[in-house]
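Trainee: Dropping in entry29.cif, with mmCIF, C-alpha atoms.
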```cif
data_work
loop_
_atom_site.label_atom_id
_atom_site.label_comp_id
_atom_site.auth_asym_id
_atom_site.auth_seq_id
_atom_site.Cartn_x
_atom_site.Cartn_y
_atom_site.Cartn_z
CA MET A 1 50.22 103.02 152.24
CA SER A 2 51.84 101.17 149.32
CA SER A 3 55.59 101.11 148.85
CA SER A 4 55.44 103.45 145.88
CA GLU A 5 53.74 106.12 148.02
CA GLN A 6 56.24 105.99 150.85
CA SER A 7 59.00 108.51 151.29
CA ASP A 8 62.55 107.70 150.30
CA GLU A 9 63.56 107.66 153.94
CA ALA A 10 60.76 105.27 154.92
CA LEU A 11 61.70 102.93 152.10
CA PHE A 12 65.32 103.02 153.13
CA ARG A 13 64.31 102.29 156.72
CA HIS A 14 62.37 99.22 155.55
CA PHE A 15 65.35 98.11 153.53
CA ARG A 16 67.58 98.43 156.57
CA ASN A 17 65.17 96.07 158.33
CA GLY A 18 65.57 93.52 155.57
CA ASP A 19 62.78 94.47 153.15
CA ASN A 20 64.32 94.03 149.73
CA GLY A 21 61.14 95.15 148.00
CA ALA A 22 61.54 98.60 149.54
CA PHE A 23 64.97 98.87 148.01
CA GLU A 24 63.66 97.95 144.57
CA VAL A 25 61.12 100.74 144.74
CA LEU A 26 63.82 103.16 145.85
CA TYR A 27 66.11 101.95 143.11
CA GLN A 28 63.49 102.50 140.44
CA ARG A 29 62.94 106.02 141.71
CA TYR A 30 66.54 107.10 141.34
CA ARG A 31 67.90 104.66 138.83
CA GLN A 32 67.80 106.85 135.75
CA THR A 33 68.46 110.16 137.46
CA VAL A 34 71.62 108.95 139.14
CA TYR A 35 72.75 107.25 135.98
CA LEU A 36 72.22 110.32 133.79
CA PHE A 37 73.81 112.62 136.35
CA LEU A 38 76.94 110.47 136.27
CA LEU A 39 76.84 109.90 132.53
CA ARG A 40 76.65 113.63 131.83
CA SER A 41 79.39 114.31 134.34
CA CYS A 42 81.87 111.80 132.94
CA SER A 43 83.42 111.73 129.56
CA GLU A 44 83.48 107.93 129.56
CA ARG A 45 80.42 105.76 129.89
CA GLY A 46 82.54 103.09 131.61
CA ASP A 47 83.56 105.55 134.31
CA ALA A 48 79.95 106.58 134.79
CA GLU A 49 78.80 102.99 135.17
CA GLU A 50 81.55 102.16 137.60
CA ILE A 51 80.72 105.13 139.77
CA TYR A 52 77.02 104.33 139.43
CA GLN A 53 77.62 100.91 140.92
CA ASP A 54 79.74 102.37 143.69
CA VAL A 55 77.01 104.85 144.58
CA TRP A 56 74.43 102.13 144.99
CA SER A 57 76.82 99.92 146.91
CA ARG A 58 77.27 102.68 149.41
CA ILE A 59 73.54 103.15 149.70
CA ILE A 60 73.03 99.43 150.18
CA THR A 61 75.60 99.21 152.95
CA ALA A 62 74.63 102.46 154.66
CA THR A 63 73.50 101.77 158.19
CA LYS A 64 72.45 105.14 159.54
CA PRO A 65 68.85 106.23 159.10
CA PHE A 66 68.06 109.39 157.19
CA GLN A 67 66.08 112.36 158.36
CA GLU A 68 63.03 113.18 156.28
CA GLY A 69 64.07 114.69 152.97
CA ALA A 70 67.72 113.80 153.35
CA PHE A 71 67.96 110.73 151.16
CA LYS A 72 68.02 112.48 147.81
CA ALA A 73 70.73 114.87 148.91
CA TYR A 74 72.67 111.95 150.37
CA ILE A 75 72.69 109.85 147.25
CA PHE A 76 73.79 112.72 145.01
CA ARG A 77 76.38 113.79 147.55
CA ILE A 78 77.86 110.33 147.31
CA ALA A 79 77.72 110.50 143.53
CA ARG A 80 79.41 113.86 143.53
CA ASN A 81 82.16 112.78 145.93
CA LEU A 82 82.90 109.73 143.84
CA LEU A 83 83.05 111.91 140.72
CA ILE A 84 85.54 114.22 142.41
CA ASP A 85 87.65 111.25 143.46
CA ARG A 86 87.59 109.97 139.91
CA HIS A 87 88.59 113.37 138.51
CA ARG A 88 91.49 113.52 140.96
CA ARG A 89 92.69 110.09 140.02
CA ASN A 90 92.52 111.01 136.35
CA HIS A 91 94.50 114.22 137.02
CA LEU A 92 91.68 116.33 135.84
CA THR A 93 91.73 119.92 136.98
CA LEU A 94 88.60 121.27 138.52
CA VAL A 95 87.87 124.88 137.75
CA LYS A 96 88.24 126.95 140.90
CA ASP A 97 86.80 130.33 140.16
CA ASP A 98 84.43 132.17 137.86
CA GLN A 99 87.26 133.85 135.97
CA ALA A 100 88.71 130.52 135.05
CA LEU A 101 85.26 129.24 134.23
CA ALA A 102 84.79 131.98 131.70
CA GLU A 103 88.05 131.09 130.01
CA VAL A 104 87.45 127.35 129.85
CA ALA A 105 83.82 127.66 128.85
CA ASN A 106 84.57 128.65 125.30
CA PRO A 107 84.58 125.47 123.30
CA GLY A 108 86.13 127.20 120.33
CA LYS A 109 84.06 125.39 117.79
CA THR A 110 81.11 126.32 115.70
CA LEU A 111 78.00 124.28 115.82
CA GLU A 112 78.41 123.18 112.20
CA ASP A 113 82.06 122.18 112.68
CA LYS A 114 81.44 120.11 115.69
CA ILE A 115 78.49 117.86 115.05
CA VAL A 116 76.79 118.33 111.83
CA ASP A 117 74.50 115.29 111.90
CA GLU A 118 73.56 115.17 115.50
CA ASP A 119 70.19 116.32 116.61
CA CYS A 120 69.87 119.08 119.14
CA SER A 121 69.59 116.77 122.15
CA ASP A 122 72.75 115.01 121.30
CA ARG A 123 74.45 118.32 120.79
CA LEU A 124 73.29 119.51 124.13
CA LYS A 125 74.74 116.41 125.76
CA GLN A 126 77.98 116.97 124.03
CA HIS A 127 78.17 120.60 125.01
CA LEU A 128 77.36 119.66 128.54
CA THR A 129 80.38 117.44 128.55
CA ASP A 130 82.47 120.30 127.29
CA LEU A 131 81.34 122.64 130.03
CA PRO A 132 83.64 123.21 132.99
CA ALA A 133 82.93 120.63 135.65
CA GLU A 134 81.56 123.07 138.18
CA GLN A 135 79.16 124.68 135.70
CA ARG A 136 78.07 121.29 134.47
CA GLU A 137 77.59 120.09 138.02
CA VAL A 138 75.28 122.93 138.91
CA PHE A 139 73.36 122.55 135.67
CA LEU A 140 72.86 118.83 136.25
CA LEU A 141 71.91 119.23 139.90
CA LYS A 142 69.20 121.61 138.79
CA GLU A 143 67.97 119.99 135.58
CA GLU A 144 68.59 116.32 136.26
CA VAL A 145 68.29 116.00 140.01
CA GLY A 146 65.86 118.84 140.56
CA LEU A 147 67.54 120.36 143.58
CA SER A 148 66.75 123.87 144.72
CA LEU A 149 69.26 126.70 145.02
CA VAL A 150 69.63 126.14 148.73
CA GLN A 151 70.11 122.40 148.31
CA ILE A 152 72.74 122.83 145.62
CA ALA A 153 74.60 125.44 147.62
CA SER A 154 74.55 123.16 150.63
CA MET A 155 75.64 120.12 148.72
CA ILE A 156 78.60 121.63 146.93
CA ASP A 157 79.39 123.85 149.90
CA VAL A 158 79.46 127.22 148.15
CA GLY A 159 77.39 130.37 148.45
CA ARG A 160 74.08 130.71 146.75
CA GLU A 161 75.30 133.54 144.55
CA THR A 162 78.15 131.37 143.37
CA VAL A 163 75.68 128.67 142.42
CA LYS A 164 73.60 131.14 140.49
CA SER A 165 76.65 132.59 138.79
CA ARG A 166 77.88 129.18 137.68
CA LEU A 167 74.48 128.27 136.37
CA ARG A 168 74.17 131.55 134.46
CA TYR A 169 77.51 130.89 132.78
CA ALA A 170 76.44 127.37 131.87
CA LEU A 171 73.12 128.45 130.43
CA LYS A 172 74.72 131.27 128.47
CA GLN A 173 77.31 128.96 126.94
CA LEU A 174 74.77 126.33 126.02
CA ARG A 175 72.37 128.85 124.56
CA ASN A 176 75.13 130.31 122.44
CA LEU A 177 76.14 126.88 121.22
CA LEU A 178 72.62 125.68 120.58
CA GLU A 179 71.18 128.86 119.21
CA GLU A 180 69.95 127.16 116.07
CA CYS A 181 68.04 124.60 118.08
CA LEU A 182 66.32 127.01 120.40
CA MET B 1 72.84 142.01 142.76
CA ASN B 2 69.97 139.60 142.40
CA ARG B 3 69.24 138.08 145.82
CA SER B 4 66.37 135.93 144.54
CA GLN B 5 66.12 132.39 145.86
CA LYS B 6 65.31 131.23 142.33
CA LEU B 7 67.89 129.65 140.10
CA PRO B 8 68.53 131.15 136.67
CA ASP B 9 66.33 129.33 134.21
CA ASP B 10 66.09 128.74 130.49
CA SER B 11 62.90 126.85 129.71
CA GLN B 12 63.94 126.08 126.14
CA LEU B 13 67.19 124.51 127.30
CA THR B 14 65.33 122.61 129.99
CA THR B 15 62.92 121.20 127.41
CA LEU B 16 65.78 120.26 125.15
CA TYR B 17 67.66 118.61 127.96
CA ARG B 18 64.66 116.56 129.06
CA ALA B 19 64.00 115.42 125.54
CA GLY B 20 67.41 113.81 125.53
CA ARG B 21 66.98 111.83 128.72
CA THR B 22 66.87 108.48 127.06
CA GLU B 23 69.87 106.55 128.40
CA GLN B 24 69.38 104.02 131.13
CA PRO B 25 71.66 101.71 133.04
CA SER B 26 72.03 98.33 131.43
CA GLU B 27 70.06 95.32 132.60
CA ALA B 28 73.28 93.70 133.79
CA LEU B 29 74.12 96.72 135.91
CA ASP B 30 70.63 96.71 137.39
CA GLN B 31 70.88 93.03 138.24
CA THR B 32 74.30 93.44 139.83
CA ILE B 33 73.03 96.14 142.14
CA LEU B 34 69.71 94.45 142.95
CA SER B 35 71.51 91.20 143.64
CA GLU B 36 73.83 92.92 146.10
CA ALA B 37 70.82 94.53 147.77
CA ARG B 38 69.06 91.17 148.06
CA LYS B 39 72.08 89.64 149.79
CA VAL B 40 72.32 92.49 152.27
CA ALA B 41 68.56 92.46 152.94
CA SER B 42 68.69 88.73 153.55
CA LYS B 43 71.53 89.13 156.04
CA ARG B 44 69.63 91.88 157.81
CA ARG B 45 66.50 89.74 157.99
CA ASN B 46 68.50 86.93 159.54
CA ARG B 47 70.59 89.01 161.89
CA TRP B 48 68.24 88.29 164.80
CA ILE B 49 68.18 84.54 164.31
CA VAL B 50 71.47 83.78 166.07
CA PRO B 51 70.96 86.07 169.08
CA LEU B 52 67.31 85.04 169.42
CA SER B 53 68.03 81.34 169.20
CA SER B 54 70.90 81.72 171.67
CA ALA B 55 68.64 83.56 174.08
CA ALA B 56 65.96 80.91 173.66
CA LEU B 57 68.48 78.18 174.40
CA VAL B 58 69.68 79.96 177.52
CA LEU B 59 66.12 80.45 178.73
CA LEU B 60 65.33 76.82 178.06
CA GLY B 61 68.42 75.72 179.94
CA VAL B 62 67.63 77.94 182.89
CA GLY B 63 64.01 76.82 182.86
CA LEU B 64 64.99 73.19 182.98
CA SER B 65 67.70 73.53 185.60
CA LEU B 66 65.92 75.97 187.91
CA PRO B 67 63.71 73.37 189.64
CA LEU B 68 66.80 71.29 190.37
CA ILE B 69 68.74 74.26 191.67
CA GLU B 70 65.95 75.45 193.95
CA LEU B 71 65.54 72.12 195.76
CA PRO B 72 67.15 72.45 199.20
CA TYR B 73 69.49 69.71 200.25
CA GLU B 74 67.82 67.34 202.61
CA PRO B 75 69.52 64.30 204.05
CA SER B 76 66.24 62.40 203.79
CA GLN B 77 66.47 62.80 200.02
CA GLN B 78 69.72 60.98 199.82
CA ILE B 79 69.66 57.73 197.98
CA LYS B 80 68.16 55.22 200.32
CA THR B 81 69.05 51.62 200.64
CA PRO B 82 66.06 49.31 200.85
CA ALA B 83 66.73 48.73 204.54
CA LYS B 84 66.88 52.43 205.27
CA GLN B 85 63.73 53.03 203.27
CA GLN B 86 62.02 50.44 205.40
CA GLN B 87 63.19 52.08 208.58
CA ASP B 88 62.18 55.52 207.41
CA SER B 89 58.75 54.50 206.28
CA TYR B 90 57.37 55.32 209.70
CA PRO B 91 58.79 58.71 210.40
CA GLU B 92 55.57 59.82 212.02
CA ALA B 93 56.04 57.14 214.63
CA ASP B 94 59.51 58.43 215.44
CA ILE B 95 58.28 61.98 215.59
CA TYR B 96 55.48 60.96 217.87
CA LEU B 97 57.85 59.20 220.18
CA ARG B 98 60.31 62.05 220.27
CA LYS B 99 57.68 64.67 220.97
CA THR B 100 55.58 62.81 223.47
CA PRO B 101 56.59 63.81 226.96
CA ALA B 102 57.95 61.05 229.09
CA PRO B 103 55.04 59.46 230.89
CA ALA B 104 55.36 58.64 234.48
CA ALA B 105 56.07 55.06 235.22
CA SER B 106 52.51 54.51 236.31
CA ALA B 107 49.39 52.85 235.08
CA SER B 108 48.95 55.51 232.41
CA ALA B 109 52.33 54.70 230.92
CA PRO B 110 52.42 52.57 227.86
CA PRO B 111 53.29 48.99 228.52
CA LEU B 112 56.95 48.44 228.95
CA PRO B 113 58.71 46.74 226.12
CA TYR B 114 59.33 43.82 228.36
CA SER B 115 59.42 42.94 231.99
CA ILE B 116 62.80 42.76 233.63
CA GLU B 117 61.45 40.19 235.96
CA GLU B 118 60.14 38.14 233.14
CA SER B 119 63.15 38.60 230.99
CA ALA B 120 65.49 37.81 233.82
CA THR B 121 63.71 34.74 235.04
CA GLY B 122 61.60 33.73 232.13
CA ALA B 123 57.80 33.70 232.29
CA ASP B 124 57.52 30.16 233.27
CA SER B 125 54.75 28.73 235.42
CA SER B 126 57.08 27.87 238.29
CA SER B 127 57.59 31.50 239.20
CA THR B 128 53.83 32.03 239.34
CA THR B 129 53.44 29.14 241.66
CA LYS B 130 56.17 30.48 243.90
CA ARG B 131 54.50 33.91 243.98
CA GLN B 132 51.19 32.45 244.99
CA ALA B 133 52.92 30.77 247.89
CA LEU B 134 54.12 34.11 249.31
CA THR B 135 52.25 36.06 252.01
CA PRO B 136 50.57 39.34 250.99
CA LYS B 137 53.22 41.37 252.79
CA MET B 138 56.00 39.53 251.02
CA ARG B 139 54.11 39.91 247.73
CA ARG B 140 53.85 43.72 248.20
CA SER B 141 57.52 43.83 249.01
CA LEU B 142 58.27 41.83 245.91
CA ASP B 143 56.04 44.17 243.81
CA SER B 144 57.81 47.21 245.23
CA ALA B 145 61.18 45.73 244.31
CA SER B 146 59.80 44.88 240.92
CA ASN B 147 58.65 48.47 240.33
CA GLU B 148 62.09 49.78 241.23
CA LYS B 149 63.57 47.42 238.73
CA ARG B 150 61.14 48.64 236.10
CA GLU B 151 62.11 52.24 236.68
CA ALA B 152 65.75 51.31 236.55
CA GLU B 153 65.06 49.60 233.27
CA ILE B 154 63.33 52.67 231.90
CA GLN B 155 66.43 54.68 232.79
CA ALA B 156 68.62 52.04 231.25
CA PHE B 157 66.60 52.28 228.04
CA GLY B 158 67.15 55.99 227.95
CA GLU B 159 63.67 57.01 228.88
CA THR B 160 61.89 54.62 226.67
CA GLY B 161 58.78 56.73 226.29
CA THR B 162 60.59 59.56 224.70
CA GLU B 163 63.57 58.04 223.02
CA LEU B 164 62.81 54.48 221.98
CA THR B 165 62.05 54.51 218.29
CA PRO B 166 60.85 51.52 216.29
CA VAL B 167 64.32 51.15 214.90
CA VAL B 168 65.98 51.13 218.30
CA TRP B 169 63.33 48.86 219.71
CA LEU B 170 63.80 46.37 216.88
CA ASN B 171 67.54 46.51 217.44
CA GLN B 172 67.01 45.68 221.08
CA ILE B 173 64.84 42.74 220.10
CA GLN B 174 67.50 41.57 217.71
CA LEU B 175 70.06 41.74 220.50
CA LEU B 176 67.83 39.61 222.72
CA ILE B 177 67.61 37.00 219.98
CA GLU B 178 71.34 37.03 219.54
CA SER B 179 71.78 36.50 223.28
CA ASN B 180 69.43 33.48 223.08
CA GLN B 181 66.61 35.16 224.98
CA GLN B 182 64.04 33.98 222.49
CA GLN B 183 61.10 34.22 224.82
CA ALA B 184 61.85 37.77 225.88
CA ALA B 185 62.44 38.75 222.32
CA LYS B 186 59.10 37.29 221.30
CA GLN B 187 57.31 39.20 224.02
CA GLN B 188 59.02 42.39 223.02
CA LEU B 189 58.06 41.75 219.46
CA GLU B 190 54.43 41.29 220.41
CA GLN B 191 54.55 44.56 222.33
CA PHE B 192 56.14 46.20 219.37
CA ARG B 193 53.48 44.88 217.04
CA LEU B 194 50.75 46.20 219.31
CA ARG B 195 52.38 49.59 219.38
CA PHE B 196 53.27 49.77 215.68
CA PRO B 197 50.95 47.35 213.93
CA GLU B 198 51.87 48.53 210.44
CA TYR B 199 55.61 48.87 210.87
CA PRO B 200 57.36 46.43 208.57
CA LEU B 201 59.50 43.86 210.35
CA PRO B 202 62.68 42.26 209.15
CA ASP B 203 62.11 38.70 207.91
CA SER B 204 63.83 37.09 210.89
CA LEU B 205 61.58 38.90 213.36
CA GLU B 206 58.53 38.22 211.23
CA LEU B 207 59.27 34.50 211.49
CA LEU B 208 59.66 34.75 215.25
CA LEU B 209 56.27 36.38 215.47
CA ILE B 210 54.63 33.72 213.31
CA GLU B 211 56.08 30.89 215.39
CA ASN B 212 53.75 29.60 218.06
#
```
Now that the file is in, can you turn its structure into structure tokens?
Mentor:
Amino acid sequence: MSSSEQSDEALFRHFRNGDNGAFEVLYQRYRQTVYLFLLRSCSERGDAEEIYQDVWSRIITATKPFQEGAFKAYIFRIARNLLIDRHRRNHLTLVKDDQALAEVANPGKTLEDKIVDEDCSDRLKQHLTDLPAEQREVFLLKEEVGLSLVQIASMIDVGRETVKSRLRYALKQLRNLLEECL
Amino acid sequence: MNRSQKLPDDSQLTTLYRAGRTEQPSEALDQTILSEARKVASKRRNRWIVPLSSAALVLLGVGLSLPLIELPYEPSQQIKTPAKQQQDSYPEADIYLRKTPAPAASASAPPLPYSIEESATGADSSSTTKRQALTPKMRRSLDSASNEKREAEIQAFGETGTELTPVVWLNQIQLLIESNQQQAAKQQLEQFRLRFPEYPLPDSLELLLIEN
């Protein structure tokens, strides 16, 4: 079996035994996803890149083996924890409940006022940034990382219905803001 | 309430989102991370070298020293002086002498190292002449006395048949030489040579044997 066909956990195991090639395959698998997840979660590219490097450093120095299927959740759990730490350091307030989410979710700008020349993708990225952190997080874990409902609920340690509720709010806001593009 | 295990979905938003996935980490960022991974992988590859080489060294050391450790201490393996080596070169002779039961002082006994009569008086021709002049009764009496002397001599030698080793015997010969009993010493030496033809002799005794 070639390296590219091996599971994440097998590749990580090889890397732990000193196989640098296994790490390169693993890195290529998650390179863009992790980067985009962080980039969409941070307002500053510099912050995203700094956290990106931290995430991989932690993976590189991790010593415990992973159970089958656990690597993906592990890497994004690290990314998420580092994001939370960064938000705390920057005195950013995380939205705590759905009521608050509904209040913060309104960007208060029309599509034309905000970004007239941007194409729809760029506008989506921008609106993602404007979303409350918890809605954005759920949206990115689904769209960027590809986690299931159960995986997201487990990772962010909330109920499944809460996950669905946050995602519904996020989708509704984005659809409203991008109506002309959809 | 919707208890579905499916996440809310908006395919149009999903398509729009995926169309905008164009950003990538910079080459410099990639290299920084891959370089760190290479260093760690290299360390992990080499982590067995030190313990393995240490273990190999220990095994080598044990392997080399084990034969030395297992050798039991034997006095015979002490460093020997040339003289001692010479004396010890006939251990089988000593063993034979120690183990052989003491023979009776009879005809079956090995020849005595030397005759007391001869050593005391010297084996000169005058004594033979005197003996021939004696009557048979007197001669038997003399022989009887001579046998008693021989037995006494055997006792004096510490049961020669069982105890006298080549080393002791040679020492006795040496003593005879030192006490100017050259003739007796020579006879003893000849007896010794008959008994231990291969036993190496000290130079002084070798010369005595060659003389005449």
Trainee: Name every residue that the PyMOL selection byres ((chain A) within 6 of (chain B)) selects in this structure, writing the answer as a list in words with chains first and numbers rising.
Mentor: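 What the PyMOL selection byres ((chain A) within 6 of (chain B)) grabs from the file is Gly18, Asn20, Gln32, Ile60, Ser121, Leu149 and Lys164 of chain A.
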Trainee: What gap, in Å, lies between atom CA of A:Gln135 and atom CA of A:Gln151?
Mentor: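 Distance reported for this atom pair: 15.7 Å.
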Trainee: Run through the PyMOL selection byres ((chain A and resi 67) around 12) on the given coordinates and return the selected residues as a ChimeraX atom specification.
Mentor: /A:7-10,12-13,64-66,68-74
Trainee: Starting from the PyMOL selection byres ((chain A and resi 145) around 12), expand the selection into actual residues of this file and give them as a PyMOL selection string.
Mentor: (chain A and resi 29-38+40+72-77+79-80+137-144+146-149+151-152) or (chain B and resi 18)
Trainee: Which polymer residues have any atom within 10 Å of an atom of A:Arg86, counting all atoms listed in the file, with same-chain residues fewer than 3 positions away left out, as a count of residues only?
Mentor: 12
Trainee: Atom CA of B:Arg195 to atom CA of B:Gln174: how many Å, to one decimal?
Mentor: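 These two atoms are separated by 17.2 Å.
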Trainee: So what do you get for atom CA of B:Leu205 versus atom CA of B:Asn180, distance-wise?
Mentor: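 That distance, rounded to one decimal, is 13.6 Å.
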Trainee: Could you pull the residues within 12 Å of B:Leu175, counting only C-alpha atoms, minus those fewer than 3 positions along the same chain, as a list in words?
Mentor: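 In the requested format, the answer is Val168, Trp169, Leu170, Asn171, Gln172, Glu178, Ser179, Asn180, Gln181, Gln182, Ala184, Ala185, Lys186, Gln188 and Leu205 of chain B.
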Trainee: Would you kindly return, as a list in words, each protein, DNA or RNA residue with an atom no farther than 9 Å from any atom of A:Asp54, considering only C-alpha atoms and excluding same-chain residues fewer than 4 positions away?
Mentor: Glu49, Glu50, Arg58, Ile59, Ile78, Ala79 and Leu82 of chain A
